[in-house]
Amino acid sequence: MASAMLIVVLLAIASPLVLASDPSSLQDFCVADKASPVLVNGFVCKNPMDVNAEDFFFSRLNMPGNTNKRLGSNVTAVDVKKIAGLNTLGISLARIDFAPYGLNPPHTHPRATEVLTVIEGSLLVGFITSNPQNRLIFKVLNAGDVFVFPEGLIHFQFNREHKNAVAIAGLSSQNPGVITVANAVFGSNPKIDESVLAKAFQVDKKVIDFLQSQFWMDNNN
């Protein structure tokens, strides 16, 4: 009985650690000291006496991002790299601008769940569940609508309208990371062997060669 109770207690203690996306702060704040040579999971703390309001501040999120790109979208991330005070707080956000028919292509955040709010326009959004179902869950969102993308799942946002769209995304990590599927697979450095991709996608090697040349140039420019 005592052994069983001990296991229950240990599991109860461990559960918050397992469920946490980012390490929890053990003090009021831990402003990132980006100049420190010490390598830790995240950033070491700046001396609290050297902290000021600028460490918790970011401006210009009201400014539209440049959507004059191939996909017609722009992501302005506000993470720990932009606001040092986000370190250990487990949260960040992003503004996403869409030109008419602009796309934020299929991608994943390996360390964060995303909550997206449409501010202007309309977006087709969706995510794909894991193997073996690979089910597409999607919805058309209008201004004021909110949609959740679970952590780690591939998702996208597409502006199907002939006018601009804007969304704000909240993410459950100070550094959520992003892996754009096509860029990662076809634009990796060094390149994945074409035979691997040709077999995986069941296409001719010439198709893989073309895609790799296009995405490799995009990723390395």
# chains A, B, ... in the order shown; residues from 1 in each chain; ligands from 1
call {"tool": "residues_around", "arguments": {"residues": "stretch 173-175 of chain A", "least_positions_apart": "5", "cutoff": "9 Å", "atoms": "only C-alpha atoms", "output": "list in words"}}
result
Ser21, Asp22, Gly42, Val78, Asp79, Val80, Lys81, Leu86, Asn87, Thr88, Leu89, Gly90, Ile91, Ser92, Leu93, Arg111, Ala112 and Thr113 of chain A
call {"tool": "write_last_selection", "arguments": {"atoms": "N, CA, C and O atoms", "output": "short mmCIF file (atom, residue, chain, number, x, y, z; two decimals), in the first residue's frame"}}
result
data_model
loop_
_atom_site.label_atom_id
_atom_site.label_comp_id
_atom_site.auth_asym_id
_atom_site.auth_seq_id
_atom_site.Cartn_x
_atom_site.Cartn_y
_atom_site.Cartn_z
N SER A 21 4.96 23.25 -21.34
CA SER A 21 5.63 23.44 -22.62
C SER A 21 7.00 24.06 -22.40
O SER A 21 7.99 23.60 -22.95
N ASP A 22 7.07 25.13 -21.61
CA ASP A 22 8.33 25.78 -21.26
C ASP A 22 8.56 25.64 -19.76
O ASP A 22 7.60 25.50 -18.99
N GLY A 42 16.98 27.84 -22.97
CA GLY A 42 16.40 29.18 -22.95
C GLY A 42 17.53 30.18 -22.83
O GLY A 42 18.52 30.11 -23.56
N VAL A 78 6.73 37.99 -32.28
CA VAL A 78 7.12 38.71 -31.07
C VAL A 78 7.39 37.65 -30.00
O VAL A 78 6.51 37.28 -29.22
N ASP A 79 8.61 37.14 -30.02
CA ASP A 79 9.01 36.09 -29.09
C ASP A 79 10.14 36.59 -28.20
O ASP A 79 10.39 37.80 -28.11
N VAL A 80 10.82 35.67 -27.54
CA VAL A 80 11.86 36.07 -26.60
C VAL A 80 13.02 36.79 -27.29
O VAL A 80 13.75 37.55 -26.66
N LYS A 81 13.16 36.58 -28.58
CA LYS A 81 14.21 37.30 -29.31
C LYS A 81 13.87 38.78 -29.45
O LYS A 81 14.76 39.61 -29.60
N LEU A 86 10.14 37.96 -21.97
CA LEU A 86 9.32 36.76 -22.16
C LEU A 86 10.03 35.50 -21.67
O LEU A 86 9.39 34.45 -21.52
N ASN A 87 11.32 35.59 -21.43
CA ASN A 87 12.08 34.41 -21.00
C ASN A 87 11.45 33.77 -19.76
O ASN A 87 11.18 34.46 -18.77
N THR A 88 11.18 32.49 -19.83
CA THR A 88 10.56 31.62 -18.79
C THR A 88 9.06 31.83 -18.63
O THR A 88 8.45 31.16 -17.81
N LEU A 89 8.45 32.75 -19.38
CA LEU A 89 7.02 33.01 -19.19
C LEU A 89 6.13 32.10 -20.05
O LEU A 89 4.91 32.07 -19.87
N GLY A 90 6.72 31.40 -21.00
CA GLY A 90 5.97 30.40 -21.77
C GLY A 90 4.90 30.97 -22.68
O GLY A 90 3.85 30.35 -22.86
N ILE A 91 5.16 32.14 -23.26
CA ILE A 91 4.16 32.76 -24.12
C ILE A 91 4.84 33.67 -25.13
O ILE A 91 5.93 34.21 -24.88
N SER A 92 4.22 33.81 -26.30
CA SER A 92 4.68 34.75 -27.32
C SER A 92 3.51 35.00 -28.26
O SER A 92 2.43 34.42 -28.09
N LEU A 93 3.70 35.89 -29.22
CA LEU A 93 2.62 36.14 -30.18
C LEU A 93 3.20 36.51 -31.52
O LEU A 93 4.40 36.68 -31.69
N ARG A 111 7.06 23.42 -30.40
CA ARG A 111 7.02 23.65 -28.96
C ARG A 111 5.81 24.45 -28.49
O ARG A 111 5.80 24.92 -27.34
N ALA A 112 4.78 24.59 -29.32
CA ALA A 112 3.69 25.47 -28.90
C ALA A 112 2.35 25.14 -29.53
O ALA A 112 2.27 24.77 -30.70
N THR A 113 1.30 25.33 -28.74
CA THR A 113 -0.07 25.42 -29.24
C THR A 113 -0.29 26.86 -29.70
O THR A 113 0.27 27.80 -29.13
#
call {"tool": "residues_around", "arguments": {"residues": "A:Lys139", "least_positions_apart": "4", "cutoff": "9 Å", "atoms": "only C-alpha atoms", "output": "list in words"}}
result
Leu123, Leu124, Val125, Gly126 and Phe147 of chain A
call {"tool": "write_last_selection", "arguments": {"atoms": "C-alpha atoms", "output": "short mmCIF file (atom, residue, chain, number, x, y, z; two decimals), in the first residue's frame"}}
result
data_model
loop_
_atom_site.label_atom_id
_atom_site.label_comp_id
_atom_site.auth_asym_id
_atom_site.auth_seq_id
_atom_site.Cartn_x
_atom_site.Cartn_y
_atom_site.Cartn_z
CA LEU A 123 -9.23 33.10 -43.65
CA LEU A 124 -9.53 29.42 -44.47
CA VAL A 125 -7.59 27.66 -41.69
CA GLY A 126 -6.99 24.06 -40.79
CA PHE A 147 -9.26 28.99 -33.82
#
call {"tool": "select_by_dssp", "arguments": {"residues": "stretch 7-207 of chain A", "states": "strand (DSSP E)", "output": "compact mmCIF listing (two decimals) with all heavy atoms, in the first residue's frame"}}
result
# COMPACT_ATOMS: atom_id res chain seq x y z
N SER A 73 2.28 36.45 -47.88
CA SER A 73 2.02 36.57 -46.45
C SER A 73 3.29 37.00 -45.73
O SER A 73 4.39 36.88 -46.26
CB SER A 73 1.51 35.25 -45.85
OG SER A 73 2.53 34.27 -45.85
N ASN A 74 3.11 37.51 -44.51
CA ASN A 74 4.25 37.94 -43.70
C ASN A 74 3.93 37.71 -42.23
O ASN A 74 2.86 38.08 -41.74
CB ASN A 74 4.55 39.41 -43.92
CG ASN A 74 5.82 39.85 -43.21
OD1 ASN A 74 6.92 39.75 -43.77
ND2 ASN A 74 5.69 40.33 -41.98
N VAL A 75 4.87 37.06 -41.53
CA VAL A 75 4.71 36.80 -40.10
C VAL A 75 5.66 37.70 -39.32
O VAL A 75 6.88 37.66 -39.54
CB VAL A 75 4.98 35.33 -39.76
CG1 VAL A 75 4.87 35.10 -38.25
CG2 VAL A 75 4.03 34.41 -40.52
N THR A 76 5.12 38.52 -38.43
CA THR A 76 5.93 39.33 -37.52
C THR A 76 5.88 38.68 -36.15
O THR A 76 4.88 38.79 -35.43
CB THR A 76 5.39 40.77 -37.44
OG1 THR A 76 5.35 41.35 -38.76
CG2 THR A 76 6.26 41.63 -36.54
N ALA A 77 6.93 37.95 -35.82
CA ALA A 77 6.96 37.21 -34.55
C ALA A 77 7.40 38.12 -33.42
O ALA A 77 8.31 38.93 -33.57
CB ALA A 77 7.91 36.02 -34.67
N VAL A 78 6.73 37.99 -32.28
CA VAL A 78 7.12 38.71 -31.07
C VAL A 78 7.39 37.65 -30.00
O VAL A 78 6.51 37.28 -29.22
CB VAL A 78 6.03 39.70 -30.61
CG1 VAL A 78 6.54 40.52 -29.43
CG2 VAL A 78 5.63 40.62 -31.75
N SER A 92 4.22 33.81 -26.30
CA SER A 92 4.68 34.75 -27.32
C SER A 92 3.51 35.00 -28.26
O SER A 92 2.43 34.42 -28.09
CB SER A 92 5.89 34.20 -28.10
OG SER A 92 5.55 33.00 -28.76
N LEU A 93 3.70 35.89 -29.22
CA LEU A 93 2.62 36.14 -30.18
C LEU A 93 3.20 36.51 -31.52
O LEU A 93 4.40 36.68 -31.69
CB LEU A 93 1.65 37.21 -29.67
CG LEU A 93 2.15 38.62 -29.36
CD1 LEU A 93 2.21 39.46 -30.63
CD2 LEU A 93 1.22 39.30 -28.37
N ALA A 94 2.32 36.62 -32.51
CA ALA A 94 2.75 36.99 -33.85
C ALA A 94 1.60 37.69 -34.56
O ALA A 94 0.43 37.40 -34.33
CB ALA A 94 3.17 35.76 -34.65
N ARG A 95 1.97 38.62 -35.43
CA ARG A 95 1.02 39.23 -36.35
C ARG A 95 1.25 38.60 -37.72
O ARG A 95 2.39 38.47 -38.17
CB ARG A 95 1.22 40.75 -36.43
CG ARG A 95 0.41 41.40 -37.55
CD ARG A 95 0.58 42.89 -37.63
NE ARG A 95 -0.10 43.40 -38.83
CZ ARG A 95 -0.74 44.55 -38.90
NH1 ARG A 95 -0.79 45.34 -37.83
NH2 ARG A 95 -1.32 44.93 -40.02
N ILE A 96 0.16 38.21 -38.37
CA ILE A 96 0.25 37.59 -39.69
C ILE A 96 -0.56 38.42 -40.67
O ILE A 96 -1.76 38.62 -40.48
CB ILE A 96 -0.26 36.14 -39.69
CG1 ILE A 96 0.32 35.37 -38.50
CG2 ILE A 96 0.11 35.45 -41.00
CD1 ILE A 96 -0.30 34.01 -38.30
N ASP A 97 0.12 38.96 -41.69
CA ASP A 97 -0.53 39.75 -42.73
C ASP A 97 -0.66 38.92 -44.00
O ASP A 97 0.27 38.20 -44.37
CB ASP A 97 0.29 41.01 -43.01
CG ASP A 97 0.24 42.02 -41.88
OD1 ASP A 97 -0.74 42.78 -41.82
OD2 ASP A 97 1.16 42.03 -41.05
N PHE A 98 -1.80 39.08 -44.67
CA PHE A 98 -2.07 38.35 -45.89
C PHE A 98 -2.48 39.31 -47.00
O PHE A 98 -3.39 40.12 -46.82
CB PHE A 98 -3.22 37.35 -45.70
CG PHE A 98 -2.97 36.29 -44.66
CD1 PHE A 98 -3.22 36.54 -43.32
CD2 PHE A 98 -2.50 35.04 -45.02
CE1 PHE A 98 -3.00 35.57 -42.35
CE2 PHE A 98 -2.26 34.05 -44.06
CZ PHE A 98 -2.53 34.33 -42.74
N LEU A 103 -1.00 33.09 -48.59
CA LEU A 103 -0.98 31.82 -47.85
C LEU A 103 0.13 31.80 -46.82
O LEU A 103 1.27 32.15 -47.11
CB LEU A 103 -0.75 30.66 -48.84
CG LEU A 103 -0.49 29.27 -48.24
CD1 LEU A 103 -1.74 28.73 -47.56
CD2 LEU A 103 0.00 28.31 -49.33
N ASN A 104 -0.21 31.40 -45.60
CA ASN A 104 0.79 31.00 -44.60
C ASN A 104 0.85 29.48 -44.72
O ASN A 104 -0.05 28.78 -44.24
CB ASN A 104 0.38 31.43 -43.20
CG ASN A 104 1.50 31.25 -42.19
OD1 ASN A 104 2.65 31.05 -42.55
ND2 ASN A 104 1.16 31.30 -40.91
N PRO A 105 1.87 28.94 -45.40
CA PRO A 105 1.84 27.54 -45.86
C PRO A 105 1.87 26.53 -44.73
O PRO A 105 2.17 26.87 -43.58
CB PRO A 105 3.09 27.45 -46.73
CG PRO A 105 4.03 28.45 -46.15
CD PRO A 105 3.16 29.60 -45.71
N PRO A 106 1.56 25.27 -45.04
CA PRO A 106 1.57 24.23 -44.02
C PRO A 106 2.89 24.21 -43.24
O PRO A 106 3.98 24.14 -43.82
CB PRO A 106 1.39 22.94 -44.84
CG PRO A 106 0.57 23.38 -46.02
CD PRO A 106 1.10 24.75 -46.35
N HIS A 107 2.75 24.30 -41.92
CA HIS A 107 3.91 24.36 -41.04
C HIS A 107 3.52 23.82 -39.68
O HIS A 107 2.35 23.54 -39.41
CB HIS A 107 4.43 25.80 -40.91
CG HIS A 107 3.43 26.75 -40.29
ND1 HIS A 107 2.38 27.28 -40.99
CD2 HIS A 107 3.34 27.26 -39.03
CE1 HIS A 107 1.67 28.08 -40.19
NE2 HIS A 107 2.24 28.08 -39.00
N THR A 108 4.50 23.68 -38.82
CA THR A 108 4.24 23.22 -37.46
C THR A 108 5.09 24.00 -36.47
O THR A 108 6.18 24.47 -36.81
CB THR A 108 4.53 21.70 -37.32
OG1 THR A 108 4.33 21.30 -35.97
CG2 THR A 108 5.96 21.38 -37.73
N GLU A 114 -1.10 27.03 -30.75
CA GLU A 114 -1.36 28.37 -31.29
C GLU A 114 -2.85 28.69 -31.21
O GLU A 114 -3.69 27.85 -31.54
CB GLU A 114 -0.90 28.43 -32.75
CG GLU A 114 -1.21 29.76 -33.44
CD GLU A 114 -0.73 29.79 -34.89
OE1 GLU A 114 0.13 28.96 -35.25
OE2 GLU A 114 -1.24 30.64 -35.66
N VAL A 115 -3.16 29.90 -30.75
CA VAL A 115 -4.53 30.41 -30.75
C VAL A 115 -4.56 31.60 -31.70
O VAL A 115 -3.90 32.61 -31.46
CB VAL A 115 -4.98 30.83 -29.33
CG1 VAL A 115 -6.42 31.33 -29.37
CG2 VAL A 115 -4.85 29.67 -28.36
N LEU A 116 -5.33 31.47 -32.79
CA LEU A 116 -5.35 32.48 -33.84
C LEU A 116 -6.65 33.28 -33.78
O LEU A 116 -7.73 32.70 -33.70
CB LEU A 116 -5.23 31.82 -35.21
CG LEU A 116 -5.16 32.77 -36.40
CD1 LEU A 116 -3.70 33.14 -36.68
CD2 LEU A 116 -5.76 32.14 -37.64
N THR A 117 -6.54 34.61 -33.84
CA THR A 117 -7.70 35.49 -33.90
C THR A 117 -7.63 36.31 -35.18
O THR A 117 -6.62 36.97 -35.43
CB THR A 117 -7.75 36.45 -32.69
OG1 THR A 117 -7.73 35.70 -31.48
CG2 THR A 117 -9.00 37.31 -32.74
N VAL A 118 -8.68 36.27 -35.98
CA VAL A 118 -8.73 37.07 -37.20
C VAL A 118 -9.16 38.49 -36.83
O VAL A 118 -10.19 38.69 -36.18
CB VAL A 118 -9.71 36.47 -38.22
CG1 VAL A 118 -9.81 37.37 -39.46
CG2 VAL A 118 -9.25 35.07 -38.64
N ILE A 119 -8.35 39.46 -37.22
CA ILE A 119 -8.62 40.86 -36.93
C ILE A 119 -9.32 41.54 -38.10
O ILE A 119 -10.20 42.38 -37.92
CB ILE A 119 -7.30 41.61 -36.61
CG1 ILE A 119 -6.57 40.92 -35.45
CG2 ILE A 119 -7.57 43.07 -36.28
CD1 ILE A 119 -7.36 40.84 -34.16
N GLU A 120 -8.94 41.15 -39.30
CA GLU A 120 -9.47 41.79 -40.50
C GLU A 120 -9.55 40.75 -41.62
O GLU A 120 -8.65 39.92 -41.77
CB GLU A 120 -8.55 42.94 -40.91
CG GLU A 120 -8.92 43.65 -42.19
CD GLU A 120 -7.88 44.68 -42.59
OE1 GLU A 120 -7.24 45.26 -41.69
OE2 GLU A 120 -7.69 44.90 -43.81
N SER A 122 -10.99 37.53 -44.00
CA SER A 122 -11.48 36.17 -43.82
C SER A 122 -10.38 35.19 -44.19
O SER A 122 -9.63 35.42 -45.14
CB SER A 122 -12.70 35.94 -44.73
OG SER A 122 -13.16 34.61 -44.65
N LEU A 123 -10.27 34.09 -43.43
CA LEU A 123 -9.23 33.10 -43.65
C LEU A 123 -9.78 31.69 -43.63
O LEU A 123 -10.63 31.37 -42.78
CB LEU A 123 -8.13 33.20 -42.58
CG LEU A 123 -7.29 34.47 -42.52
CD1 LEU A 123 -6.39 34.44 -41.29
CD2 LEU A 123 -6.45 34.63 -43.79
N LEU A 124 -9.31 30.86 -44.55
CA LEU A 124 -9.53 29.42 -44.47
C LEU A 124 -8.36 28.85 -43.67
O LEU A 124 -7.20 29.02 -44.07
CB LEU A 124 -9.57 28.79 -45.86
CG LEU A 124 -9.54 27.26 -45.91
CD1 LEU A 124 -10.79 26.67 -45.28
CD2 LEU A 124 -9.36 26.77 -47.34
N VAL A 125 -8.65 28.19 -42.54
CA VAL A 125 -7.59 27.66 -41.69
C VAL A 125 -7.85 26.17 -41.43
O VAL A 125 -8.99 25.70 -41.53
CB VAL A 125 -7.50 28.41 -40.35
CG1 VAL A 125 -7.36 29.91 -40.58
CG2 VAL A 125 -8.72 28.12 -39.46
N GLY A 126 -6.81 25.47 -41.10
CA GLY A 126 -6.99 24.06 -40.79
C GLY A 126 -5.73 23.42 -40.26
O GLY A 126 -4.64 23.97 -40.38
N PHE A 127 -5.90 22.24 -39.64
CA PHE A 127 -4.76 21.44 -39.21
C PHE A 127 -5.02 19.98 -39.54
O PHE A 127 -6.16 19.57 -39.78
CB PHE A 127 -4.43 21.64 -37.73
CG PHE A 127 -5.50 21.18 -36.77
CD1 PHE A 127 -5.58 19.86 -36.36
CD2 PHE A 127 -6.42 22.08 -36.24
CE1 PHE A 127 -6.55 19.43 -35.46
CE2 PHE A 127 -7.40 21.67 -35.33
CZ PHE A 127 -7.47 20.34 -34.95
N ILE A 128 -3.95 19.20 -39.56
CA ILE A 128 -4.02 17.79 -39.93
C ILE A 128 -3.61 16.95 -38.73
O ILE A 128 -2.57 17.20 -38.11
CB ILE A 128 -3.10 17.49 -41.13
CG1 ILE A 128 -3.47 18.37 -42.32
CG2 ILE A 128 -3.18 16.02 -41.52
CD1 ILE A 128 -2.43 18.41 -43.40
N LEU A 136 -8.13 16.10 -41.88
CA LEU A 136 -8.08 17.56 -42.02
C LEU A 136 -9.26 18.18 -41.28
O LEU A 136 -10.42 17.87 -41.56
CB LEU A 136 -8.14 17.96 -43.50
CG LEU A 136 -8.25 19.46 -43.78
CD1 LEU A 136 -7.04 20.21 -43.24
CD2 LEU A 136 -8.45 19.72 -45.27
N ILE A 137 -8.96 19.05 -40.32
CA ILE A 137 -9.97 19.78 -39.57
C ILE A 137 -9.83 21.24 -39.95
O ILE A 137 -8.77 21.85 -39.73
CB ILE A 137 -9.79 19.58 -38.05
CG1 ILE A 137 -9.98 18.09 -37.71
CG2 ILE A 137 -10.76 20.45 -37.26
CD1 ILE A 137 -9.74 17.75 -36.25
N PHE A 138 -10.86 21.81 -40.57
CA PHE A 138 -10.72 23.15 -41.14
C PHE A 138 -11.99 23.97 -40.93
O PHE A 138 -13.07 23.44 -40.66
CB PHE A 138 -10.40 23.06 -42.64
CG PHE A 138 -11.51 22.49 -43.47
CD1 PHE A 138 -12.39 23.32 -44.14
CD2 PHE A 138 -11.68 21.11 -43.59
CE1 PHE A 138 -13.43 22.80 -44.90
CE2 PHE A 138 -12.71 20.58 -44.35
CZ PHE A 138 -13.58 21.42 -45.02
N LYS A 139 -11.84 25.29 -41.11
CA LYS A 139 -12.97 26.19 -40.95
C LYS A 139 -12.63 27.54 -41.60
O LYS A 139 -11.47 27.94 -41.64
CB LYS A 139 -13.30 26.40 -39.47
CG LYS A 139 -14.64 27.11 -39.22
CD LYS A 139 -15.00 27.06 -37.76
CE LYS A 139 -16.35 27.74 -37.50
NZ LYS A 139 -17.46 27.06 -38.20
N VAL A 140 -13.67 28.21 -42.10
CA VAL A 140 -13.50 29.57 -42.59
C VAL A 140 -13.75 30.53 -41.43
O VAL A 140 -14.79 30.47 -40.77
CB VAL A 140 -14.47 29.87 -43.75
CG1 VAL A 140 -14.37 31.34 -44.16
CG2 VAL A 140 -14.16 28.98 -44.95
N LEU A 141 -12.78 31.42 -41.17
CA LEU A 141 -12.87 32.37 -40.07
C LEU A 141 -13.08 33.78 -40.61
O LEU A 141 -12.51 34.16 -41.64
CB LEU A 141 -11.59 32.35 -39.24
CG LEU A 141 -11.11 31.02 -38.66
CD1 LEU A 141 -9.85 31.24 -37.84
CD2 LEU A 141 -12.19 30.36 -37.84
N ASN A 142 -13.87 34.54 -39.90
CA ASN A 142 -14.08 35.95 -40.21
C ASN A 142 -13.58 36.80 -39.04
O ASN A 142 -13.19 36.26 -37.99
CB ASN A 142 -15.56 36.21 -40.48
CG ASN A 142 -16.05 35.44 -41.69
OD1 ASN A 142 -15.50 35.56 -42.79
ND2 ASN A 142 -17.10 34.63 -41.50
N VAL A 146 -11.97 32.93 -33.54
CA VAL A 146 -10.77 32.38 -32.91
C VAL A 146 -10.68 30.89 -33.23
O VAL A 146 -11.69 30.18 -33.25
CB VAL A 146 -10.81 32.57 -31.38
CG1 VAL A 146 -9.58 31.96 -30.72
CG2 VAL A 146 -10.93 34.05 -31.03
N PHE A 147 -9.47 30.41 -33.50
CA PHE A 147 -9.26 28.99 -33.82
C PHE A 147 -7.97 28.53 -33.15
O PHE A 147 -7.00 29.28 -33.05
CB PHE A 147 -9.16 28.81 -35.33
CG PHE A 147 -9.36 27.39 -35.80
CD1 PHE A 147 -10.63 26.87 -35.97
CD2 PHE A 147 -8.27 26.58 -36.08
CE1 PHE A 147 -10.82 25.57 -36.42
CE2 PHE A 147 -8.45 25.27 -36.52
CZ PHE A 147 -9.73 24.76 -36.70
N VAL A 148 -7.96 27.26 -32.70
CA VAL A 148 -6.82 26.69 -31.99
C VAL A 148 -6.14 25.63 -32.85
O VAL A 148 -6.80 24.77 -33.43
CB VAL A 148 -7.26 26.06 -30.65
CG1 VAL A 148 -6.07 25.38 -29.97
CG2 VAL A 148 -7.88 27.11 -29.73
N PHE A 149 -4.80 25.71 -32.91
CA PHE A 149 -4.00 24.70 -33.58
C PHE A 149 -3.19 23.96 -32.51
O PHE A 149 -2.30 24.56 -31.88
CB PHE A 149 -3.04 25.34 -34.59
CG PHE A 149 -3.75 26.19 -35.62
CD1 PHE A 149 -3.75 27.57 -35.51
CD2 PHE A 149 -4.41 25.61 -36.69
CE1 PHE A 149 -4.39 28.36 -36.45
CE2 PHE A 149 -5.05 26.40 -37.64
CZ PHE A 149 -5.04 27.77 -37.52
N ILE A 154 0.59 19.92 -38.08
CA ILE A 154 0.74 20.74 -39.29
C ILE A 154 -0.53 21.55 -39.50
O ILE A 154 -1.65 21.02 -39.40
CB ILE A 154 1.00 19.84 -40.51
CG1 ILE A 154 2.36 19.13 -40.37
CG2 ILE A 154 0.96 20.65 -41.81
CD1 ILE A 154 2.60 18.07 -41.43
N HIS A 155 -0.38 22.85 -39.79
CA HIS A 155 -1.54 23.70 -39.98
C HIS A 155 -1.23 24.80 -41.00
O HIS A 155 -0.07 24.98 -41.40
CB HIS A 155 -2.00 24.32 -38.66
CG HIS A 155 -0.96 25.11 -37.95
ND1 HIS A 155 0.09 24.55 -37.25
CD2 HIS A 155 -0.77 26.46 -37.84
CE1 HIS A 155 0.85 25.49 -36.72
NE2 HIS A 155 0.35 26.67 -37.08
N PHE A 156 -2.25 25.53 -41.41
CA PHE A 156 -2.09 26.56 -42.44
C PHE A 156 -3.18 27.61 -42.29
O PHE A 156 -4.20 27.40 -41.62
CB PHE A 156 -2.18 25.94 -43.85
CG PHE A 156 -3.52 25.33 -44.14
CD1 PHE A 156 -4.55 26.09 -44.69
CD2 PHE A 156 -3.77 23.99 -43.86
CE1 PHE A 156 -5.80 25.53 -44.94
CE2 PHE A 156 -5.02 23.42 -44.10
CZ PHE A 156 -6.04 24.20 -44.64
N GLN A 157 -2.97 28.76 -42.96
CA GLN A 157 -3.98 29.82 -43.06
C GLN A 157 -3.93 30.36 -44.49
O GLN A 157 -2.84 30.63 -45.01
CB GLN A 157 -3.73 30.94 -42.06
CG GLN A 157 -3.77 30.52 -40.60
CD GLN A 157 -2.39 30.42 -39.98
OE1 GLN A 157 -1.44 31.03 -40.45
NE2 GLN A 157 -2.26 29.64 -38.93
N PHE A 158 -5.11 30.53 -45.10
CA PHE A 158 -5.17 30.96 -46.49
C PHE A 158 -6.25 32.04 -46.66
O PHE A 158 -7.38 31.86 -46.22
CB PHE A 158 -5.50 29.76 -47.39
CG PHE A 158 -5.64 30.09 -48.85
CD1 PHE A 158 -4.68 30.83 -49.52
CD2 PHE A 158 -6.75 29.66 -49.57
CE1 PHE A 158 -4.81 31.13 -50.87
CE2 PHE A 158 -6.90 29.96 -50.91
CZ PHE A 158 -5.92 30.69 -51.57
N ALA A 165 -5.99 40.55 -45.35
CA ALA A 165 -6.45 39.96 -44.10
C ALA A 165 -5.33 40.08 -43.07
O ALA A 165 -4.14 40.10 -43.41
CB ALA A 165 -6.85 38.50 -44.28
N VAL A 166 -5.73 40.16 -41.79
CA VAL A 166 -4.77 40.27 -40.69
C VAL A 166 -5.22 39.36 -39.56
O VAL A 166 -6.42 39.29 -39.25
CB VAL A 166 -4.66 41.72 -40.16
CG1 VAL A 166 -3.63 41.81 -39.03
CG2 VAL A 166 -4.30 42.68 -41.28
N ALA A 167 -4.27 38.68 -38.93
CA ALA A 167 -4.58 37.83 -37.78
C ALA A 167 -3.50 38.01 -36.72
O ALA A 167 -2.35 38.36 -37.03
CB ALA A 167 -4.67 36.37 -38.20
N ILE A 168 -3.87 37.76 -35.47
CA ILE A 168 -2.94 37.76 -34.35
C ILE A 168 -2.94 36.36 -33.76
O ILE A 168 -4.00 35.79 -33.50
CB ILE A 168 -3.32 38.79 -33.27
CG1 ILE A 168 -3.27 40.20 -33.82
CG2 ILE A 168 -2.41 38.65 -32.05
CD1 ILE A 168 -1.89 40.70 -34.14
N ALA A 169 -1.74 35.81 -33.56
CA ALA A 169 -1.61 34.47 -33.00
C ALA A 169 -0.91 34.52 -31.65
O ALA A 169 0.13 35.17 -31.52
CB ALA A 169 -0.83 33.57 -33.96
N GLY A 170 -1.48 33.84 -30.66
CA GLY A 170 -0.83 33.65 -29.38
C GLY A 170 -0.25 32.24 -29.34
O GLY A 170 -0.90 31.30 -29.80
N LEU A 171 0.96 32.09 -28.80
CA LEU A 171 1.62 30.79 -28.78
C LEU A 171 2.12 30.47 -27.38
O LEU A 171 2.60 31.35 -26.67
CB LEU A 171 2.78 30.76 -29.78
CG LEU A 171 2.34 30.99 -31.23
CD1 LEU A 171 2.94 32.29 -31.76
CD2 LEU A 171 2.71 29.84 -32.12
N ILE A 179 8.52 25.01 -38.38
CA ILE A 179 9.04 24.15 -39.45
C ILE A 179 8.04 24.22 -40.59
O ILE A 179 6.93 23.70 -40.48
CB ILE A 179 9.20 22.69 -38.98
CG1 ILE A 179 10.16 22.62 -37.78
CG2 ILE A 179 9.71 21.82 -40.13
CD1 ILE A 179 10.21 21.24 -37.13
N THR A 180 8.42 24.90 -41.67
CA THR A 180 7.57 24.95 -42.86
C THR A 180 7.83 23.67 -43.66
O THR A 180 8.97 23.40 -44.05
CB THR A 180 7.88 26.19 -43.71
OG1 THR A 180 7.75 27.35 -42.88
CG2 THR A 180 6.94 26.30 -44.89
call {"tool": "closest_residue", "arguments": {"among": "A:Met63, A:Ile208, A:Leu26, A:Ala84", "to": "A:Lys46", "atoms": "only C-alpha atoms"}}
result
A:Ala84
call {"tool": "closest_residue", "arguments": {"among": "A:Ala184, A:Ala32, A:Val203, A:Ile192", "to": "A:Phe215", "atoms": "only C-alpha atoms"}}
result
A:Ala184
call {"tool": "select_by_dssp", "arguments": {"residues": "stretch 40-203 of chain A", "states": "helix (DSSP H, G or I)", "output": "VMD selection string"}}
result
chain A and resid 48 to 50 53 to 56 84 to 86 181 to 186 194 to 201
call {"tool": "closest_residue", "arguments": {"among": "A:Gly72, A:Gly177, A:Ala198, A:Lys206", "to": "A:Lys163", "atoms": "only C-alpha atoms"}}
result
A:Gly72
call {"tool": "atom_distance", "arguments": {"atom1": "atom CA of A:Gly152", "atom2": "atom CA of A:Leu211"}}
result
24.6 Å
call {"tool": "closest_residue", "arguments": {"among": "A:Val196, A:Val31, A:Leu71, A:Ala143", "to": "A:Phe56", "atoms": "only C-alpha atoms"}}
result
A:Val31
